[in-house]
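What follows is the content of target_5.txt, which has compact mmCIF, C-alpha atoms:
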# COMPACT_ATOMS: atom_id res chain seq x y z
CA MET A 1 7.56 -60.83 -24.46
CA SER A 2 4.59 -58.59 -23.68
CA ASP A 3 6.20 -55.19 -24.30
CA LEU A 4 7.68 -56.04 -27.69
CA LEU A 5 7.57 -53.24 -30.29
CA ILE A 6 8.33 -54.05 -33.92
CA ARG A 7 9.30 -51.25 -36.28
CA ASP A 8 11.04 -50.77 -39.61
CA TYR A 9 14.83 -50.93 -39.59
CA ASP A 10 16.55 -47.56 -39.80
CA ASP A 11 20.10 -46.99 -41.01
CA ALA A 12 20.93 -45.59 -37.58
CA ASP A 13 20.34 -49.12 -36.21
CA GLU A 14 23.26 -50.58 -38.15
CA ASP A 15 25.81 -50.82 -35.33
CA ILE A 16 23.39 -52.52 -32.93
CA VAL A 17 22.13 -54.90 -35.62
CA LEU A 18 25.69 -55.88 -36.55
CA GLU A 19 26.32 -56.67 -32.88
CA LEU A 20 23.19 -58.86 -32.81
CA LEU A 21 24.29 -60.66 -35.97
CA ALA A 22 27.73 -61.20 -34.47
CA GLY A 23 26.15 -62.91 -31.47
CA SER A 24 23.67 -65.01 -33.47
CA LEU A 25 25.43 -65.77 -36.75
CA GLY A 26 29.08 -65.48 -35.78
CA TRP A 27 29.66 -62.30 -37.74
CA LEU A 28 32.49 -60.03 -36.69
CA PRO A 29 31.82 -56.34 -35.99
CA ASP A 30 34.47 -55.38 -38.53
CA ALA A 31 34.67 -53.43 -41.76
CA GLY A 32 34.34 -56.60 -43.86
CA HIS A 33 31.03 -57.63 -42.36
CA ARG A 34 29.75 -54.05 -42.46
CA GLU A 35 30.52 -53.91 -46.19
CA PHE A 36 28.89 -57.35 -46.60
CA PHE A 37 25.73 -56.18 -44.79
CA ARG A 38 25.42 -53.04 -46.92
CA TRP A 39 26.06 -54.90 -50.17
CA LYS A 40 23.53 -57.57 -49.31
CA HIS A 41 20.72 -55.43 -47.96
CA LEU A 42 21.15 -51.92 -49.37
CA GLN A 43 22.69 -52.29 -52.85
CA ASN A 44 20.48 -55.02 -54.36
CA PRO A 45 19.03 -53.74 -57.68
CA ALA A 46 15.77 -55.54 -56.86
CA GLY A 47 15.41 -53.13 -53.96
CA ARG A 48 16.53 -52.53 -50.42
CA SER A 49 15.85 -55.54 -48.20
CA ALA A 50 12.70 -55.49 -46.11
CA MET A 51 14.04 -55.24 -42.55
CA TRP A 52 12.59 -54.85 -39.07
CA VAL A 53 13.85 -54.59 -35.51
CA ALA A 54 12.14 -55.58 -32.29
CA GLU A 55 12.48 -53.37 -29.22
CA SER A 56 11.85 -54.13 -25.55
CA ALA A 57 12.24 -51.50 -22.83
CA GLY A 58 13.74 -49.18 -25.44
CA GLN A 59 16.46 -51.65 -26.45
CA ILE A 60 16.76 -53.46 -29.77
CA VAL A 61 16.50 -57.19 -29.02
CA GLY A 62 15.81 -58.65 -32.47
CA PHE A 63 16.35 -58.22 -36.19
CA ARG A 64 14.68 -59.79 -39.24
CA SER A 65 15.49 -59.30 -42.94
CA MET A 66 14.02 -60.46 -46.23
CA LEU A 67 16.22 -60.16 -49.33
CA ARG A 68 14.31 -59.05 -52.41
CA TRP A 69 14.36 -61.38 -55.43
CA VAL A 70 12.75 -61.28 -58.87
CA PHE A 71 11.63 -64.43 -60.68
CA ASP A 72 10.19 -65.31 -64.05
CA VAL A 73 7.27 -67.66 -63.35
CA ASP A 74 5.82 -69.11 -66.55
CA GLY A 75 6.96 -65.99 -68.37
CA ALA A 76 5.54 -63.48 -65.86
CA GLU A 77 7.63 -61.34 -63.51
CA VAL A 78 7.01 -62.17 -59.84
CA HIS A 79 8.57 -60.28 -56.95
CA ALA A 80 9.55 -62.51 -54.05
CA VAL A 81 11.79 -62.37 -50.99
CA ARG A 82 14.38 -64.71 -49.59
CA ALA A 83 14.34 -65.10 -45.81
CA VAL A 84 17.90 -64.45 -44.71
CA ASP A 85 19.50 -62.81 -41.66
CA THR A 86 17.72 -62.90 -38.32
CA ALA A 87 19.09 -62.40 -34.83
CA THR A 88 17.85 -62.23 -31.23
CA ALA A 89 19.69 -60.81 -28.23
CA PRO A 90 20.79 -63.56 -25.82
CA ALA A 91 18.63 -62.25 -22.96
CA ALA A 92 15.52 -62.30 -25.18
CA ARG A 93 15.88 -65.77 -26.69
CA GLY A 94 13.06 -68.21 -26.16
CA GLN A 95 10.54 -65.39 -25.71
CA GLY A 96 8.98 -65.36 -29.18
CA VAL A 97 11.02 -62.55 -30.74
CA PHE A 98 11.93 -64.50 -33.90
CA ARG A 99 8.33 -65.62 -34.41
CA ALA A 100 6.89 -62.15 -33.83
CA LEU A 101 9.33 -60.54 -36.25
CA THR A 102 8.78 -63.17 -38.93
CA LEU A 103 4.98 -63.06 -38.77
CA HIS A 104 5.13 -59.27 -38.85
CA ALA A 105 7.27 -59.55 -41.99
CA VAL A 106 4.78 -61.98 -43.57
CA ALA A 107 1.86 -59.61 -42.97
CA ALA A 108 3.73 -56.53 -44.20
CA LEU A 109 5.05 -58.18 -47.36
CA THR A 110 1.68 -59.73 -48.19
CA ALA A 111 0.06 -56.29 -47.93
CA GLU A 112 2.81 -54.93 -50.18
CA GLY A 113 1.94 -57.51 -52.86
CA VAL A 114 5.14 -59.58 -52.71
CA GLY A 115 4.41 -63.00 -54.20
CA PHE A 116 6.11 -65.44 -51.85
CA VAL A 117 9.03 -66.04 -49.53
CA PHE A 118 11.56 -68.83 -50.00
CA ASN A 119 14.67 -69.98 -48.17
CA THR A 120 16.79 -73.00 -47.27
CA PRO A 121 16.75 -73.06 -43.44
CA ASN A 122 19.00 -75.43 -41.52
CA ASP A 123 17.75 -78.29 -39.37
CA GLN A 124 17.60 -76.09 -36.26
CA SER A 125 15.49 -73.28 -37.72
CA ARG A 126 13.33 -75.23 -40.19
CA PRO A 127 10.78 -76.48 -37.60
CA GLY A 128 10.10 -72.89 -36.54
CA TYR A 129 9.39 -71.87 -40.12
CA LEU A 130 7.11 -74.84 -40.70
CA LYS A 131 5.05 -73.85 -37.65
CA MET A 132 4.57 -70.43 -39.23
CA GLY A 133 3.14 -71.73 -42.49
CA TRP A 134 6.21 -72.56 -44.56
CA ILE A 135 6.09 -75.82 -46.52
CA GLU A 136 8.93 -78.08 -47.62
CA LEU A 137 9.27 -78.38 -51.37
CA GLY A 138 12.16 -80.84 -51.16
CA ARG A 139 15.79 -80.92 -52.19
CA PRO A 140 16.73 -79.74 -55.68
CA PRO A 141 19.15 -82.06 -57.44
CA ALA A 142 22.85 -81.25 -57.17
CA ALA A 143 25.92 -82.55 -58.95
CA ALA A 144 29.55 -82.99 -57.91
CA ARG A 145 32.56 -83.47 -60.13
CA PRO A 146 35.65 -84.77 -58.30
CA SER A 147 39.03 -83.83 -59.72
CA GLY A 148 40.19 -87.42 -59.33
CA PRO A 149 40.42 -90.19 -56.72
CA LEU A 150 42.15 -87.94 -54.16
CA GLY A 151 39.63 -85.17 -54.70
CA ALA A 152 36.78 -87.63 -54.27
CA LEU A 153 38.32 -88.91 -51.03
CA ARG A 154 38.76 -85.41 -49.62
CA ALA A 155 35.19 -84.52 -50.55
CA ALA A 156 33.85 -87.66 -48.89
CA ARG A 157 35.71 -86.78 -45.68
CA SER A 158 34.52 -83.15 -45.65
CA ARG A 159 30.81 -83.37 -44.92
CA THR A 160 30.70 -80.03 -43.15
CA PRO A 161 29.19 -76.66 -44.14
CA ALA A 162 31.30 -74.63 -46.52
CA GLU A 163 32.92 -71.48 -45.20
CA LEU A 164 31.28 -68.13 -45.98
CA TRP A 165 34.37 -66.37 -47.30
CA SER A 166 36.08 -67.45 -50.49
CA LEU A 167 39.62 -68.63 -50.94
CA PRO A 168 41.79 -66.35 -53.09
CA SER A 169 42.05 -67.42 -56.71
CA ASP A 170 43.44 -66.05 -59.95
CA ALA A 171 41.57 -68.56 -62.10
CA GLY A 172 39.66 -66.84 -64.87
CA VAL A 173 38.89 -63.16 -64.24
CA ALA A 174 36.95 -61.21 -61.63
CA ALA A 175 33.25 -61.88 -62.06
CA THR A 176 32.42 -58.23 -62.72
CA GLU A 177 34.90 -58.21 -65.59
CA GLY A 178 33.58 -61.45 -67.01
CA LEU A 179 29.99 -60.21 -66.82
CA SER A 180 30.68 -56.99 -68.72
CA GLY A 181 29.26 -56.86 -72.20
CA ALA A 182 26.52 -58.94 -73.76
CA LEU A 183 25.48 -62.12 -71.97
CA PRO A 184 24.39 -65.38 -73.61
CA THR A 185 20.65 -65.93 -73.42
CA GLY A 186 20.72 -69.71 -73.80
CA PRO A 187 17.71 -71.86 -74.56
CA GLN A 188 14.64 -69.97 -73.34
CA SER A 189 11.52 -71.54 -71.89
CA LEU A 190 8.44 -69.82 -70.54
CA SER A 191 7.57 -72.71 -68.26
CA GLY A 192 8.64 -73.04 -64.66
CA LEU A 193 10.33 -70.63 -62.29
CA ALA A 194 13.79 -69.08 -62.62
CA THR A 195 15.60 -66.04 -61.31
CA ARG A 196 15.40 -63.10 -63.70
CA ARG A 197 19.11 -62.99 -64.58
CA ARG A 198 19.48 -59.49 -65.89
CA ALA A 199 22.92 -57.91 -66.08
CA GLU A 200 22.35 -55.63 -63.09
CA HIS A 201 21.31 -58.57 -60.90
CA LEU A 202 24.35 -60.63 -61.88
CA GLN A 203 26.76 -57.72 -61.42
CA TRP A 204 25.38 -57.14 -57.92
CA ARG A 205 25.09 -60.79 -56.94
CA TYR A 206 28.69 -61.63 -57.85
CA GLY A 207 30.26 -58.19 -57.52
CA LEU A 208 31.30 -57.98 -53.86
CA PRO A 209 35.12 -58.01 -54.00
CA SER A 210 35.57 -59.78 -50.65
CA LEU A 211 33.60 -62.81 -51.90
CA SER A 212 36.07 -63.26 -54.78
CA TYR A 213 33.70 -64.62 -57.41
CA ARG A 214 35.52 -65.53 -60.61
CA ALA A 215 34.37 -65.89 -64.20
CA LEU A 216 35.37 -68.01 -67.16
CA ARG A 217 34.13 -66.67 -70.45
CA ARG A 218 34.02 -68.35 -73.85
CA ASP A 219 32.38 -67.30 -77.10
CA ASP A 220 29.37 -69.47 -76.26
CA GLY A 221 28.94 -68.80 -72.55
CA ILE A 222 30.15 -67.80 -69.12
CA ALA A 223 30.55 -69.62 -65.80
CA ILE A 224 30.64 -67.89 -62.42
CA PHE A 225 32.34 -69.72 -59.56
CA ARG A 226 34.32 -69.28 -56.38
CA LEU A 227 36.66 -71.40 -54.32
CA ARG A 228 35.80 -72.11 -50.71
CA ARG A 229 36.96 -74.41 -47.97
CA ARG A 230 34.74 -77.32 -46.99
CA GLY A 231 36.47 -79.23 -44.23
CA HIS A 232 39.81 -80.38 -45.64
CA ALA A 233 38.64 -80.05 -49.24
CA THR A 234 38.80 -77.11 -51.63
CA GLU A 235 35.47 -76.78 -53.41
CA ALA A 236 34.68 -74.86 -56.58
CA ALA A 237 31.11 -73.67 -56.15
CA VAL A 238 29.78 -73.23 -59.69
CA CYS A 239 27.09 -70.61 -59.13
CA GLU A 240 26.03 -69.86 -62.71
CA VAL A 241 26.51 -71.52 -66.07
CA LEU A 242 25.11 -69.29 -68.80
CA ALA A 243 25.59 -70.91 -72.19
CA ASP A 244 23.97 -71.05 -75.59
CA ASP A 245 23.40 -74.80 -75.33
CA ASP A 246 24.21 -77.88 -73.23
CA ASP A 247 27.43 -78.52 -75.10
CA GLY A 248 28.65 -75.03 -74.27
CA ALA A 249 27.70 -75.55 -70.63
CA ARG A 250 29.66 -78.81 -70.56
CA ARG A 251 32.77 -77.12 -71.92
CA LEU A 252 32.49 -74.36 -69.32
CA VAL A 253 32.21 -76.82 -66.44
CA GLN A 254 35.19 -78.76 -67.78
CA GLU A 255 37.20 -75.55 -68.00
CA VAL A 256 36.37 -74.56 -64.43
CA ALA A 257 37.52 -78.00 -63.29
CA ARG A 258 40.76 -77.58 -65.20
CA VAL A 259 41.76 -74.08 -64.06
CA SER A 260 40.36 -73.92 -60.52
CA GLY A 261 42.63 -76.52 -58.90
CA ALA A 262 39.71 -77.57 -56.66
CA ASP A 263 39.28 -81.04 -55.19
CA HIS A 264 35.75 -81.06 -56.55
CA LEU A 265 33.14 -78.92 -58.26
CA LEU A 266 29.64 -78.43 -56.85
CA ARG A 267 26.71 -77.35 -59.03
CA LEU A 268 22.95 -77.23 -58.55
CA GLY A 269 21.08 -79.22 -61.17
CA ARG A 270 20.91 -82.75 -62.46
CA ALA A 271 24.23 -84.55 -62.87
CA HIS A 272 25.45 -85.26 -66.39
CA THR A 273 27.61 -88.34 -66.62
CA SER A 274 29.04 -87.00 -69.89
CA TRP A 275 30.35 -84.03 -67.84
CA ARG A 276 32.01 -86.49 -65.41
CA GLU A 277 29.53 -85.46 -62.73
CA LEU A 278 28.01 -87.59 -59.98
CA PRO A 279 24.64 -86.98 -58.32
CA LEU A 280 25.17 -85.48 -54.88
CA PRO A 281 23.66 -87.94 -52.37
CA GLY A 282 20.47 -86.42 -51.01
CA GLY A 283 20.62 -83.45 -53.36
CA GLY A 284 20.95 -79.78 -52.47
CA PRO A 285 19.60 -77.92 -49.44
CA ILE A 286 15.93 -78.32 -48.47
CA LEU A 287 13.92 -75.59 -50.19
CA THR A 288 11.02 -74.11 -48.24
CA TRP A 289 8.27 -71.76 -49.42
CA ARG A 290 5.46 -69.70 -47.94
CA ALA A 291 2.60 -67.96 -49.66
CA LEU A 292 2.35 -64.20 -49.46
CA ALA A 293 0.31 -62.53 -52.22
CA SER A 294 0.68 -65.63 -54.42
CA THR A 295 -1.09 -68.58 -52.86
CA THR A 296 -0.14 -71.57 -55.01
CA PRO A 297 3.34 -73.06 -54.62
CA VAL A 298 5.36 -74.05 -57.67
CA GLU A 299 6.31 -77.72 -57.39
CA LEU A 300 10.01 -78.42 -56.99
CA SER A 301 10.42 -80.01 -60.42
CA ARG A 302 9.54 -76.68 -62.05
CA TRP A 303 12.10 -74.58 -60.12
CA ARG A 304 15.14 -73.85 -62.31
CA LEU A 305 17.63 -72.76 -59.69
CA SER A 306 21.35 -72.18 -59.76
CA LEU A 307 23.68 -72.53 -56.79
CA GLY A 308 23.85 -68.74 -56.73
CA ASP A 309 20.11 -68.61 -55.95
CA VAL A 310 20.40 -70.66 -52.75
CA GLU A 311 24.02 -70.30 -51.70
CA LEU A 312 24.34 -69.32 -48.03
CA LEU A 313 24.98 -65.59 -47.77

Whole structure, structure tokens version:
Amino acid sequence: MSDLLIRDYDDADEDIVLELLAGSLGWLPDAGHREFFRWKHLQNPAGRSAMWVAESAGQIVGFRSMLRWVFDVDGAEVHAVRAVDTATAPAARGQGVFRALTLHAVAALTAEGVGFVFNTPNDQSRPGYLKMGWIELGRPPAAARPSGPLGALRAARSRTPAELWSLPSDAGVAATEGLSGALPTGPQSLSGLATRRRAEHLQWRYGLPSLSYRALRRDDGIAIFRLRRRGHATEAAVCEVLADDDDGARRLVQEVARVSGADHLLRLGRAHTSWRELPLPGGGPILTWRALASTTPVELSRWRLSLGDVELL
């Protein structure tokens, strides 16, 4: 598209961008999605998302956003972004709008000093990212814990993407309540890469009421989870397990299984047979990475991710 103009997103663009996202991602132009957009992109304690729009003939035809994220990498703080929402107007598809916006974002964020961009694109969008310099790091391990034979059967028959919105639940307490007060630090290691899980990040990440994140808290730890529909199965997505040690983490996972009523639990990380977990065939979503100001990728085995770091938002 020869007349394409890319500029920074402005708050006055919100209505048009929400319409684009409705057409591309299936969002609804309602109050719930508006609140979701503002929570996700404007209220993040790591900073307002980096966002751009593309204009043609004075009309907005594309949108690109990068969610800000802060990692500890071998003990050092590294600012990164997660490639998230992007949308192109139907009449402009196939004309390079997505590529132009994304490469513009790469250049701008590199100049800003952001370390890298990561995401878990689906099979349709991944080839486009790879052509723009992203690399596949692989699939992080994931674990499932069926509630029993019936739960295992329902899970096996529900190989579809999980729904965005949570199912209502009164298990545990609201995540914001559970996260109040001191948090367990757990075993600390300076090696590898992990999200910097400060209280303000966790309160934001799990604080949107409409996503209905729940918390179970014990003296030795806290688990954050939510219930969601996956096909015919009810899944408990265990997004964080913050515990003083592995035994505390095991007890938290067992407690979530007991109180959630889910057909199965899903957690990112290696399966523990002593926790009654099974390795998820194939692992979690494919993690991709692209250099910005940091040029050396961290190999997959050194990423210490939770489901909350990669969960589709």

> What's the 12 Å shell around Ala31 (chain A), counting all atoms listed in the file, without same-chain residues fewer than 6 positions away, as a list in words?
Replying inline: Asp15, Leu18, Phe37, Arg38 and Ser210 of chain A

Please produce a file of those selected residues containing C-alpha atoms, as an mmCIF file, keeping the file's coordinate frame.
data_model
loop_
_atom_site.group_PDB
_atom_site.id
_atom_site.type_symbol
_atom_site.label_atom_id
_atom_site.label_comp_id
_atom_site.auth_asym_id
_atom_site.auth_seq_id
_atom_site.Cartn_x
_atom_site.Cartn_y
_atom_site.Cartn_z
ATOM 1 C CA ASP A 15 25.810 -50.820 -35.330
ATOM 2 C CA LEU A 18 25.690 -55.880 -36.550
ATOM 3 C CA PHE A 37 25.730 -56.180 -44.790
ATOM 4 C CA ARG A 38 25.420 -53.040 -46.920
ATOM 5 C CA SER A 210 35.570 -59.780 -50.650
#

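Nearest to Ala152 (chain A) of all the residues A:Ile16, A:Arg64, A:Asp263, A:His79 is A:Asp263, counting all atoms listed in the file.
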
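Straight-line separation from CA of Ile135 (chain A) to CA of Arg290 (chain A): 6.3 Å.
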
> So which one's closest to Val78 (chain A), A:Gly47, A:Pro149, A:Gly94, A:Gly115? Using only C-alpha atoms, please.
Replying inline: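 Looking at the shortest contact to Val78 (chain A), the residue is A:Gly115.
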
> What lies within 9 Å of region 101-109 of chain A using only C-alpha atoms, ignoring chain neighbours under 3 positions off, as a list in words?
Replying inline: Ile6, Ala50, Met51, Trp52, Val53, Ala54, Gly62, Phe63, Arg64, Ser65, Met66, Val81, Thr86, Gly96, Val97, Phe98, Glu112, Gly113, Val114, Gly115, Phe116, Val117, Tyr129, Met132, Arg290, Ala291, Leu292 and Ala293 of chain A

>> What does the structure give for the distance between CA of Gly248 (chain A) and CA of Gln203 (chain A), in Å to one decimal?
In response: 21.6 Å

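As for CA of Asp8 (chain A) and CA of Val70 (chain A), they are spaced 22.0 Å apart.
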
> Closest to Pro146 (chain A) among A:Ala236, A:Ile224, A:Leu179, A:Leu252, using all atoms listed in the file?
Replying inline: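 Using all atoms listed in the file, the shortest distance to Pro146 (chain A) belongs to A:Ala236.
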
> Restricting the calculation to all atoms listed in the file, which member of A:Leu278, A:Arg159, A:Leu42, A:Ala92 is positioned closest to Ser56 (chain A)?
Replying inline: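 Smallest distance to Ser56 (chain A) is found for A:Ala92.
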
> Which of these residues is nearest to Thr195 (chain A), using only C-alpha atoms: A:Ser169, A:Ser306, A:Ser180, A:Thr296?
Replying inline: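 Once distances to Thr195 (chain A) are computed over only C-alpha atoms, the minimum belongs to A:Ser306.
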
Could you add N, CA and C atoms to region 64-78 of chain A and give me the result as a JSON list (two decimals), in the frame of the given file?
[["chain", "number", "residue", "atom", "x", "y", "z"],
["A", 64, "ARG", "N", 15.19, -58.88, -38.22],
["A", 64, "ARG", "CA", 14.68, -59.79, -39.24],
["A", 64, "ARG", "C", 14.82, -59.14, -40.60],
["A", 65, "SER", "N", 15.33, -59.87, -41.59],
["A", 65, "SER", "CA", 15.49, -59.30, -42.94],
["A", 65, "SER", "C", 14.99, -60.28, -43.99],
["A", 66, "MET", "N", 14.49, -59.70, -45.07],
["A", 66, "MET", "CA", 14.02, -60.46, -46.23],
["A", 66, "MET", "C", 14.66, -59.84, -47.47],
["A", 67, "LEU", "N", 15.48, -60.62, -48.15],
["A", 67, "LEU", "CA", 16.22, -60.16, -49.33],
["A", 67, "LEU", "C", 15.30, -60.20, -50.55],
["A", 68, "ARG", "N", 15.23, -59.11, -51.27],
["A", 68, "ARG", "CA", 14.31, -59.05, -52.41],
["A", 68, "ARG", "C", 14.87, -59.82, -53.60],
["A", 69, "TRP", "N", 13.97, -60.50, -54.31],
["A", 69, "TRP", "CA", 14.36, -61.38, -55.43],
["A", 69, "TRP", "C", 13.29, -61.28, -56.50],
["A", 70, "VAL", "N", 13.70, -61.36, -57.76],
["A", 70, "VAL", "CA", 12.75, -61.28, -58.87],
["A", 70, "VAL", "C", 12.86, -62.56, -59.69],
["A", 71, "PHE", "N", 11.70, -63.19, -59.92],
["A", 71, "PHE", "CA", 11.63, -64.43, -60.68],
["A", 71, "PHE", "C", 10.82, -64.22, -61.95],
["A", 72, "ASP", "N", 11.10, -65.07, -62.94],
["A", 72, "ASP", "CA", 10.19, -65.31, -64.05],
["A", 72, "ASP", "C", 9.43, -66.59, -63.71],
["A", 73, "VAL", "N", 8.11, -66.49, -63.63],
["A", 73, "VAL", "CA", 7.27, -67.66, -63.35],
["A", 73, "VAL", "C", 6.33, -67.84, -64.53],
["A", 74, "ASP", "N", 6.61, -68.85, -65.34],
["A", 74, "ASP", "CA", 5.82, -69.11, -66.55],
["A", 74, "ASP", "C", 5.75, -67.86, -67.42],
["A", 75, "GLY", "N", 6.87, -67.15, -67.51],
["A", 75, "GLY", "CA", 6.96, -65.99, -68.37],
["A", 75, "GLY", "C", 6.54, -64.68, -67.74],
["A", 76, "ALA", "N", 5.98, -64.70, -66.53],
["A", 76, "ALA", "CA", 5.54, -63.48, -65.86],
["A", 76, "ALA", "C", 6.53, -63.11, -64.76],
["A", 77, "GLU", "N", 6.74, -61.82, -64.57],
["A", 77, "GLU", "CA", 7.63, -61.34, -63.51],
["A", 77, "GLU", "C", 6.92, -61.42, -62.17],
["A", 78, "VAL", "N", 7.56, -62.05, -61.19],
["A", 78, "VAL", "CA", 7.01, -62.17, -59.84],
["A", 78, "VAL", "C", 8.06, -61.69, -58.85]]
